[in-house]
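Trainee: Below you will find the structure I want to go over with you.
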Amino acid sequence: MNDTIAAIATPYGSGGIGVIRISGPRAFEIASILFSKTRVPGKYTADQNTCVLVSHRVTHGFILDKTDLDNPCVLDEVLMIPMRAPRSYTAEDVVEIQAHSGTIVLRSILELAISSGARLSEPGEFTKRAFLNQRIDLTQAEAVADIINARSVSSLKFASSQNLGELRLQIQQLREPLINFLSRLEASIDFPDEVETFEISLSEAEQLDQVIEKCQKFIQQHNDACFLRDGIRIAIGGEPNVGKSSLMNRLLERDKSIVTPIPGTTRDPIEEGLNIDGIPFVIIDTAGIHETDDLVEIIGIEKAKDHIIDADLILLMKESGSVFSDKEFQKMIPSAKNQEKNMDGNPDKKVILVINKIDLAQENSDKMDLTSLPPAYAKIPVIEISALLNQGIGQLKKKIVDICIRDLSMETSAVIPNLRHKKALELTLSFLESVKIGLARGQEEETLAIDLKNSIDSLGTITGETASIDILDTIFNNFCIGK
Ligand SMILES: Nc1nc2c(ncn2[C@@H]2O[C@H](COP(=O)(O)OP(=O)(O)OP(=O)(O)O)[C@@H](O)[C@H]2O)c(=O)[nH]1
Ligand SMILES: [Mg+2]
């Protein structure tokens, strides 16, 4: 923390602008060694340049390589943005140099900064410094990584609200009543003569229940949001040749899966990311499910069934005019027990029946009567399409979004804990449950105090107040260099 770090903050490669970031006590000094307001080297001394670097004022100038003092040369024309502590990203003195973006030019400027006294930063070190200088908490630092890695507008919105400190605030609100409760408990341990047998007050009991409830809600929100972070998994399943691969290609708007008139074309499951209305999905084309002796197909069918069980949404495909039976439905949507688990006990909830090849039905003028489907199919939404003629695909996409979003209970402004937060919340819950059981059984105050303290500490690991070095390393090592 006492040294000055530097890194290229923008991606490698050619581009309009590339940024070099310098942070630490010598940032201004190092920047002014490299910088000159004039392209005529030597006209300005380093001292004069130091005066030029006024905090939070963009300054135009040139980066000079003065390795050969008699013959200094201009490396690039740049804009310099000096920011005095604590009004910077790291809360230290920071200088950002906006140069032209090219691997060689940026590396050369970085090397100059390093030879002038800076050290190449570790991954995530700028953000780590912002955290250690208490400008941001751990949830905000993690949100920075989430913003960079966001794969959809909705995950970006969640990350941004976390970046503004919303989760930190809510975790602090959970810790507060627990800390108050603990101090009263400790007082009764420390001054047994003054405090009679400890009893939890009505409001403390209520607050404890509220904290437990809130932790449970956070965990639920994490589970819901996994959909949005990792993509909602949609498996396309059905008998061979019904047009599953054709539908996959239509949804992706490109030819990803092989389509042929030969039944059994798709063997291995084929996965691809897809964005509909800013929501990330992962779509999986699977082998056609049917009875077969072909060993390769059998393996493919097993994989297909696994994907169908794991999927958040199943597009069950049938050909227009084909026969529908409950028995076949059970075969296509295997392991009803697992499905019930996936679908909150309602197996009809996340299947869309996709009737394909309606172009053929129209030709034969024998459109299906969808009102008399057997019971297993009766409750699920039906969309008719022609994958070949690209008909009904927009309607299907709309249905997919409706069904998936309907199930997400949270609002877009909700605070979403990540997996690390979720584990800490689960630990907090287990300690709080022990406190509750202990209170009910009239356990000694010392034991209650230990459980309560542990619950407070585990909440503290979320914001970083009680996070260990290991946790910090794991988080910041996942960042890129320059962030
Ligand atoms: N007329 C018509 N033909 C279609 C339609 N959709 C797909 N097909 C044709 O049906 C045949 C099978 O299509 P695929 O997409 O390969 O079917 P699949 O379900 O992936 O087949 P498998 O991988 O073998 O299980 C191909 O010849 C497609 O051109 C459609 O909407 N109308
Ligand atoms: Mg196929």
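By convention in this document, the chains of the structure tokens carry letters A, B, ... by their order, each chain's residues are numbered from 1, and ligands are numbered from 1 in the order they are shown.
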May I have a table of the residues of chain A lying at most 12 Å from ligand 2, giving each one's closest pair of atoms and their distance in Å to one decimal, counting only C-alpha atoms and all ligand atoms, ordered by chain and ascending residue number, as CSV?
Mentor:
residue,atom,partner,partner_atom_place_in_ligand_line,distance
A:Ile236,CA,ligand 2,1 (Mg),9.6
A:Gly237,CA,ligand 2,1 (Mg),9.6
A:Gly238,CA,ligand 2,1 (Mg),9.7
A:Glu239,CA,ligand 2,1 (Mg),9.6
A:Pro240,CA,ligand 2,1 (Mg),7.1
A:Asn241,CA,ligand 2,1 (Mg),6.7
A:Val242,CA,ligand 2,1 (Mg),8.3
A:Gly243,CA,ligand 2,1 (Mg),6.7
A:Lys244,CA,ligand 2,1 (Mg),5.4
A:Ser245,CA,ligand 2,1 (Mg),4.1
A:Ser246,CA,ligand 2,1 (Mg),7.2
A:Leu247,CA,ligand 2,1 (Mg),9.1
A:Met248,CA,ligand 2,1 (Mg),8.8
A:Asn249,CA,ligand 2,1 (Mg),10.1
A:Asp255,CA,ligand 2,1 (Mg),11.7
A:Lys256,CA,ligand 2,1 (Mg),10.5
A:Ser257,CA,ligand 2,1 (Mg),6.8
A:Ile258,CA,ligand 2,1 (Mg),6.5
A:Val259,CA,ligand 2,1 (Mg),6.0
A:Thr260,CA,ligand 2,1 (Mg),7.8
A:Pro261,CA,ligand 2,1 (Mg),9.5
A:Ile262,CA,ligand 2,1 (Mg),9.2
A:Pro263,CA,ligand 2,1 (Mg),7.9
A:Gly264,CA,ligand 2,1 (Mg),6.9
A:Thr265,CA,ligand 2,1 (Mg),5.2
A:Thr266,CA,ligand 2,1 (Mg),4.0
A:Arg267,CA,ligand 2,1 (Mg),7.6
A:Asp268,CA,ligand 2,1 (Mg),9.4
A:Pro269,CA,ligand 2,1 (Mg),9.1
A:Ile270,CA,ligand 2,1 (Mg),9.3
A:Ile284,CA,ligand 2,1 (Mg),10.6
A:Asp285,CA,ligand 2,1 (Mg),6.8
A:Thr286,CA,ligand 2,1 (Mg),6.7
A:Ala287,CA,ligand 2,1 (Mg),6.1
A:Gly288,CA,ligand 2,1 (Mg),6.9
A:Ile289,CA,ligand 2,1 (Mg),10.7
A:Glu297,CA,ligand 2,1 (Mg),11.8
A:Gly300,CA,ligand 2,1 (Mg),11.1
A:Ile301,CA,ligand 2,1 (Mg),11.7
A:Ala304,CA,ligand 2,1 (Mg),11.2
A:Met317,CA,ligand 2,1 (Mg),11.4
Trainee: The selected residues should be written to file as a tab-separated table (two decimals), in the first residue's frame (atoms: N, CA and C atoms).
Mentor:
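Everything below was put into out.tsv:
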chain	number	residue	atom	x	y	z
A	236	ILE	N	-34.50	-28.24	-25.78
A	236	ILE	CA	-35.50	-28.60	-26.80
A	236	ILE	C	-35.52	-30.12	-26.86
A	237	GLY	N	-36.67	-30.72	-26.57
A	237	GLY	CA	-36.77	-32.18	-26.58
A	237	GLY	C	-37.93	-32.65	-27.43
A	238	GLY	N	-37.85	-33.90	-27.88
A	238	GLY	CA	-38.94	-34.46	-28.68
A	238	GLY	C	-38.46	-35.67	-29.45
A	239	GLU	N	-39.34	-36.25	-30.26
A	239	GLU	CA	-38.95	-37.42	-31.04
A	239	GLU	C	-38.01	-37.01	-32.18
A	240	PRO	N	-37.34	-37.97	-32.81
A	240	PRO	CA	-36.43	-37.62	-33.90
A	240	PRO	C	-37.20	-36.95	-35.05
A	241	ASN	N	-36.51	-36.04	-35.71
A	241	ASN	CA	-37.00	-35.43	-36.95
A	241	ASN	C	-38.16	-34.44	-36.81
A	242	VAL	N	-38.53	-34.09	-35.56
A	242	VAL	CA	-39.66	-33.16	-35.41
A	242	VAL	C	-39.26	-31.71	-35.73
A	243	GLY	N	-37.93	-31.47	-35.82
A	243	GLY	CA	-37.47	-30.12	-36.17
A	243	GLY	C	-36.79	-29.39	-35.01
A	244	LYS	N	-36.24	-30.14	-34.06
A	244	LYS	CA	-35.59	-29.53	-32.88
A	244	LYS	C	-34.39	-28.67	-33.29
A	245	SER	N	-33.54	-29.26	-34.15
A	245	SER	CA	-32.34	-28.52	-34.57
A	245	SER	C	-32.73	-27.32	-35.43
A	246	SER	N	-33.78	-27.49	-36.23
A	246	SER	CA	-34.24	-26.36	-37.06
A	246	SER	C	-34.69	-25.22	-36.16
A	247	LEU	N	-35.40	-25.56	-35.06
A	247	LEU	CA	-35.87	-24.53	-34.13
A	247	LEU	C	-34.68	-23.85	-33.44
A	248	MET	N	-33.71	-24.67	-33.01
A	248	MET	CA	-32.49	-24.11	-32.37
A	248	MET	C	-31.89	-23.06	-33.30
A	249	ASN	N	-31.73	-23.41	-34.58
A	249	ASN	CA	-31.11	-22.48	-35.53
A	249	ASN	C	-31.95	-21.23	-35.73
A	255	ASP	N	-27.03	-21.02	-38.44
A	255	ASP	CA	-27.02	-22.49	-38.52
A	255	ASP	C	-25.98	-23.09	-37.60
A	256	LYS	N	-26.39	-23.37	-36.37
A	256	LYS	CA	-25.48	-23.95	-35.38
A	256	LYS	C	-25.59	-25.48	-35.42
A	257	SER	N	-26.83	-25.99	-35.47
A	257	SER	CA	-27.06	-27.44	-35.43
A	257	SER	C	-27.23	-27.98	-36.84
A	258	ILE	N	-26.81	-29.23	-37.02
A	258	ILE	CA	-26.98	-29.87	-38.34
A	258	ILE	C	-28.44	-30.29	-38.49
A	259	VAL	N	-29.02	-29.93	-39.64
A	259	VAL	CA	-30.41	-30.31	-39.95
A	259	VAL	C	-30.39	-31.20	-41.18
A	260	THR	N	-31.00	-32.39	-41.08
A	260	THR	CA	-31.16	-33.26	-42.27
A	260	THR	C	-32.51	-33.96	-42.16
A	261	PRO	N	-33.00	-34.51	-43.26
A	261	PRO	CA	-34.27	-35.26	-43.18
A	261	PRO	C	-34.09	-36.62	-42.51
A	262	ILE	N	-32.84	-36.97	-42.16
A	262	ILE	CA	-32.59	-38.30	-41.59
A	262	ILE	C	-32.86	-38.28	-40.08
A	263	PRO	N	-33.78	-39.10	-39.59
A	263	PRO	CA	-34.04	-39.13	-38.13
A	263	PRO	C	-32.78	-39.58	-37.39
A	264	GLY	N	-32.53	-38.99	-36.25
A	264	GLY	CA	-31.34	-39.35	-35.47
A	264	GLY	C	-30.11	-38.57	-35.87
A	265	THR	N	-30.30	-37.38	-36.46
A	265	THR	CA	-29.15	-36.57	-36.90
A	265	THR	C	-28.36	-36.05	-35.69
A	266	THR	N	-29.08	-35.46	-34.73
A	266	THR	CA	-28.38	-34.88	-33.57
A	266	THR	C	-28.08	-35.99	-32.56
A	267	ARG	N	-26.82	-36.08	-32.15
A	267	ARG	CA	-26.44	-37.10	-31.15
A	267	ARG	C	-26.05	-36.40	-29.85
A	268	ASP	N	-24.94	-35.66	-29.89
A	268	ASP	CA	-24.50	-34.93	-28.70
A	268	ASP	C	-25.40	-33.71	-28.48
A	269	PRO	N	-25.67	-33.36	-27.22
A	269	PRO	CA	-26.40	-32.12	-26.97
A	269	PRO	C	-25.58	-30.92	-27.45
A	270	ILE	N	-26.25	-29.93	-28.02
A	270	ILE	CA	-25.55	-28.73	-28.51
A	270	ILE	C	-26.07	-27.52	-27.74
A	284	ILE	N	-30.40	-25.56	-25.50
A	284	ILE	CA	-29.74	-26.85	-25.72
A	284	ILE	C	-30.58	-27.69	-26.69
A	285	ASP	N	-29.97	-28.05	-27.82
A	285	ASP	CA	-30.61	-28.95	-28.78
A	285	ASP	C	-30.21	-30.37	-28.39
A	286	THR	N	-31.18	-31.29	-28.37
A	286	THR	CA	-30.87	-32.65	-27.90
A	286	THR	C	-31.23	-33.71	-28.95
A	287	ALA	N	-30.73	-34.93	-28.71
A	287	ALA	CA	-31.04	-36.04	-29.61
A	287	ALA	C	-32.52	-36.40	-29.49
A	288	GLY	N	-33.12	-36.84	-30.59
A	288	GLY	CA	-34.53	-37.24	-30.58
A	288	GLY	C	-34.73	-38.47	-29.70
A	289	ILE	N	-35.75	-38.42	-28.83
A	289	ILE	CA	-35.97	-39.53	-27.88
A	289	ILE	C	-36.89	-40.57	-28.53
A	297	GLU	N	-26.74	-43.63	-30.37
A	297	GLU	CA	-28.00	-42.92	-30.15
A	297	GLU	C	-28.49	-43.08	-28.71
A	300	GLY	N	-26.73	-40.70	-26.58
A	300	GLY	CA	-27.25	-39.35	-26.88
A	300	GLY	C	-28.60	-39.13	-26.22
A	301	ILE	N	-29.45	-40.16	-26.23
A	301	ILE	CA	-30.80	-40.04	-25.65
A	301	ILE	C	-30.71	-39.89	-24.13
A	304	ALA	N	-29.78	-36.45	-23.51
A	304	ALA	CA	-30.93	-35.59	-23.78
A	304	ALA	C	-31.84	-35.56	-22.56
A	317	MET	N	-41.27	-30.64	-28.36
A	317	MET	CA	-41.67	-30.45	-29.77
A	317	MET	C	-42.44	-31.63	-30.30
Trainee: What's around Ile109 of chain A at 8 Å? Count only C-alpha atoms, leave out sequence neighbours fewer than 6 positions away in its own chain, and write the answer as a PyMOL selection string.
Mentor: chain A and resi 20+63+75
Trainee: Could you go through segment 292-472 of chain A and tell me which residues DSSP, when run on the backbone, assigns to helix (DSSP H, G or I), listing them as an MDAnalysis selection string?
Mentor: chainID A and resid 295:310 326:332 336:342 358:363 370:372 375:378 393:406 419:440 445:463 469:472
Trainee: Counting only C-alpha atoms and all ligand atoms, which residue out of A:Ala225, A:Ile403, A:Val78, A:Leu388 sits closest to ligand 1?
Mentor: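 Closest to ligand 1, using only C-alpha atoms and all ligand atoms: A:Leu388.
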Trainee: Let's see if you can do this: from backbone DSSP, list all strand (DSSP E or B) residues in segment 219-464 of chain A, as a ChimeraX atom specification.
Mentor: /A:232-238,270-276,279-285,313-319,351-356,382-384,386,391
Trainee: Under the rule of at most 12 Å, produce a per-residue listing of segment 188-287 of chain A near segment 178-181 of chain A: chain, number, name, the closest pair of atoms, and the distance in Å, as CSV, using only C-alpha atoms.
Mentor:
residue,atom,partner,partner_atom,distance
A:Ser188,CA,A:Phe181,CA,11.0
A:Phe198,CA,A:Phe181,CA,11.2
A:Glu199,CA,A:Phe181,CA,10.9
A:Ile200,CA,A:Phe181,CA,8.5
A:Ser201,CA,A:Phe181,CA,9.5
A:Leu202,CA,A:Phe181,CA,11.8
A:Ser203,CA,A:Phe181,CA,10.2
A:Glu204,CA,A:Phe181,CA,6.8
A:Ala205,CA,A:Phe181,CA,9.6
A:Glu206,CA,A:Leu178,CA,11.5
A:Gln207,CA,A:Leu178,CA,8.2
A:Leu208,CA,A:Leu178,CA,7.4
A:Asp209,CA,A:Leu178,CA,10.9
A:Gln210,CA,A:Leu178,CA,10.8
A:Val211,CA,A:Leu178,CA,8.5
A:Ile212,CA,A:Leu178,CA,10.9
Trainee: Taking 3 positions as the minimum chain separation for residues in the same chain, which residues sit within 8 Å of Val435 of chain A when counting only C-alpha atoms? Answer as an NGL selection string.
Mentor: :A and (431-432 or 438-439 or 448 or 451-452)
Trainee: Could those selected residues go to a file with C-alpha atoms, as a short mmCIF file (atom, residue, chain, number, x, y, z; two decimals), in the first residue's frame?
Mentor:
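selection.cif, written as the output of this step:
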data_model
loop_
_atom_site.label_atom_id
_atom_site.label_comp_id
_atom_site.auth_asym_id
_atom_site.auth_seq_id
_atom_site.Cartn_x
_atom_site.Cartn_y
_atom_site.Cartn_z
CA PHE A 431 -25.91 -19.62 14.12
CA LEU A 432 -29.14 -17.67 14.60
CA GLY A 438 -30.59 -21.92 23.03
CA LEU A 439 -33.02 -19.22 24.19
CA LEU A 448 -25.73 -17.77 23.38
CA ASP A 451 -23.44 -18.15 18.57
CA LEU A 452 -24.63 -14.56 18.30
#
Trainee: Smallest atom-to-atom distance to ligand 1: which of A:Lys379, A:Lys214, A:Arg250, A:Lys422, using only C-alpha atoms and all ligand atoms?
Mentor: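 Going through A:Lys379, A:Lys214, A:Arg250, A:Lys422 one by one, the smallest distance to ligand 1 is for A:Arg250.
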Trainee: Do a neighbour search on Asn149 of chain A at 12 Å with only C-alpha atoms, toss out local chain neighbours closer than 2 positions, and write the hits as a ChimeraX atom specification.
Mentor: /A:142-147,151-153,155-156,159-160,229-230,478-480
Trainee: Could you save the residues just selected, with N, CA and C atoms, as a PDB file, in the first residue's frame?
Mentor:
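Output file out05.pdb follows:
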ATOM      1  N   GLU A 142     -16.945  -6.547  -5.444  1.00  0.00           N
ATOM      2  CA  GLU A 142     -17.407  -7.688  -6.231  1.00  0.00           C
ATOM      3  C   GLU A 142     -18.327  -7.225  -7.364  1.00  0.00           C
ATOM      4  N   ALA A 143     -19.123  -6.180  -7.070  1.00  0.00           N
ATOM      5  CA  ALA A 143     -20.038  -5.672  -8.092  1.00  0.00           C
ATOM      6  C   ALA A 143     -19.266  -5.124  -9.290  1.00  0.00           C
ATOM      7  N   VAL A 144     -18.058  -4.573  -9.030  1.00  0.00           N
ATOM      8  CA  VAL A 144     -17.250  -4.046 -10.138  1.00  0.00           C
ATOM      9  C   VAL A 144     -16.943  -5.193 -11.112  1.00  0.00           C
ATOM     10  N   ALA A 145     -16.559  -6.369 -10.566  1.00  0.00           N
ATOM     11  CA  ALA A 145     -16.271  -7.526 -11.420  1.00  0.00           C
ATOM     12  C   ALA A 145     -17.536  -7.968 -12.143  1.00  0.00           C
ATOM     13  N   ASP A 146     -18.677  -7.925 -11.435  1.00  0.00           N
ATOM     14  CA  ASP A 146     -19.940  -8.336 -12.064  1.00  0.00           C
ATOM     15  C   ASP A 146     -20.329  -7.391 -13.196  1.00  0.00           C
ATOM     16  N   ILE A 147     -20.057  -6.088 -13.007  1.00  0.00           N
ATOM     17  CA  ILE A 147     -20.387  -5.118 -14.064  1.00  0.00           C
ATOM     18  C   ILE A 147     -19.552  -5.440 -15.307  1.00  0.00           C
ATOM     19  N   ARG A 151     -23.466 -10.302 -18.648  1.00  0.00           N
ATOM     20  CA  ARG A 151     -23.786 -10.862 -19.964  1.00  0.00           C
ATOM     21  C   ARG A 151     -25.157 -10.417 -20.451  1.00  0.00           C
ATOM     22  N   SER A 152     -25.856  -9.647 -19.641  1.00  0.00           N
ATOM     23  CA  SER A 152     -27.166  -9.181 -20.100  1.00  0.00           C
ATOM     24  C   SER A 152     -27.489  -7.875 -19.377  1.00  0.00           C
ATOM     25  N   VAL A 153     -28.464  -7.151 -19.934  1.00  0.00           N
ATOM     26  CA  VAL A 153     -28.838  -5.871 -19.334  1.00  0.00           C
ATOM     27  C   VAL A 153     -29.345  -6.094 -17.910  1.00  0.00           C
ATOM     28  N   SER A 155     -28.543  -8.516 -15.704  1.00  0.00           N
ATOM     29  CA  SER A 155     -27.476  -8.759 -14.720  1.00  0.00           C
ATOM     30  C   SER A 155     -26.665  -7.483 -14.492  1.00  0.00           C
ATOM     31  N   LEU A 156     -26.538  -6.650 -15.527  1.00  0.00           N
ATOM     32  CA  LEU A 156     -25.842  -5.374 -15.353  1.00  0.00           C
ATOM     33  C   LEU A 156     -26.572  -4.491 -14.345  1.00  0.00           C
ATOM     34  N   ALA A 159     -25.920  -5.715 -10.822  1.00  0.00           N
ATOM     35  CA  ALA A 159     -24.549  -5.417 -10.408  1.00  0.00           C
ATOM     36  C   ALA A 159     -24.412  -3.939 -10.090  1.00  0.00           C
ATOM     37  N   SER A 160     -25.041  -3.090 -10.900  1.00  0.00           N
ATOM     38  CA  SER A 160     -24.908  -1.651 -10.692  1.00  0.00           C
ATOM     39  C   SER A 160     -25.543  -1.236  -9.381  1.00  0.00           C
ATOM     40  N   ARG A 229     -28.062 -14.538 -13.888  1.00  0.00           N
ATOM     41  CA  ARG A 229     -26.610 -14.394 -13.973  1.00  0.00           C
ATOM     42  C   ARG A 229     -26.034 -15.415 -14.956  1.00  0.00           C
ATOM     43  N   ASP A 230     -26.491 -16.674 -14.832  1.00  0.00           N
ATOM     44  CA  ASP A 230     -25.869 -17.749 -15.610  1.00  0.00           C
ATOM     45  C   ASP A 230     -26.665 -18.102 -16.866  1.00  0.00           C
ATOM     46  N   ASN A 478      -9.498 -12.728  -9.011  1.00  0.00           N
ATOM     47  CA  ASN A 478     -10.346 -12.977 -10.180  1.00  0.00           C
ATOM     48  C   ASN A 478     -10.515 -11.755 -11.065  1.00  0.00           C
ATOM     49  N   PHE A 479      -9.983 -10.637 -10.644  1.00  0.00           N
ATOM     50  CA  PHE A 479     -10.074  -9.412 -11.456  1.00  0.00           C
ATOM     51  C   PHE A 479      -9.012  -9.435 -12.552  1.00  0.00           C
ATOM     52  N   CYS A 480      -9.174  -8.545 -13.534  1.00  0.00           N
ATOM     53  CA  CYS A 480      -8.122  -8.406 -14.522  1.00  0.00           C
ATOM     54  C   CYS A 480      -7.108  -7.382 -14.000  1.00  0.00           C
TER      55      CYS A 480
END
Trainee: Taking only C-alpha atoms and all ligand atoms into account, name the residue in A:Ser455, A:Gln395, A:Gln443, A:Asn356 that is nearest to ligand 1.
Mentor: A:Asn356
Trainee: State, in Å with one decimal place, the distance from atom CA of Asp359 of chain A to atom 11 (C, counted along the ligand's line) of ligand 1.
Mentor: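 Going from atom CA of Asp359 of chain A over to atom 11 (C, counted along the ligand's line) of ligand 1, I get 12.8 Å.
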Trainee: Just to confirm, what's the straight-line distance from atom CA of Gln221 of chain A to atom CA of Val415 of chain A in Å (one decimal)?
Mentor: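 About the pair atom CA of Gln221 of chain A and atom CA of Val415 of chain A: they are 7.9 Å apart.
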Trainee: From the set A:Leu472, A:Ile30, A:Ile358, A:Leu419, which residue has the shortest atom-to-atom contact distance to ligand 1, counting only C-alpha atoms and all ligand atoms?
Mentor: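 Among the listed residues, the smallest separation from ligand 1 belongs to A:Ile358.
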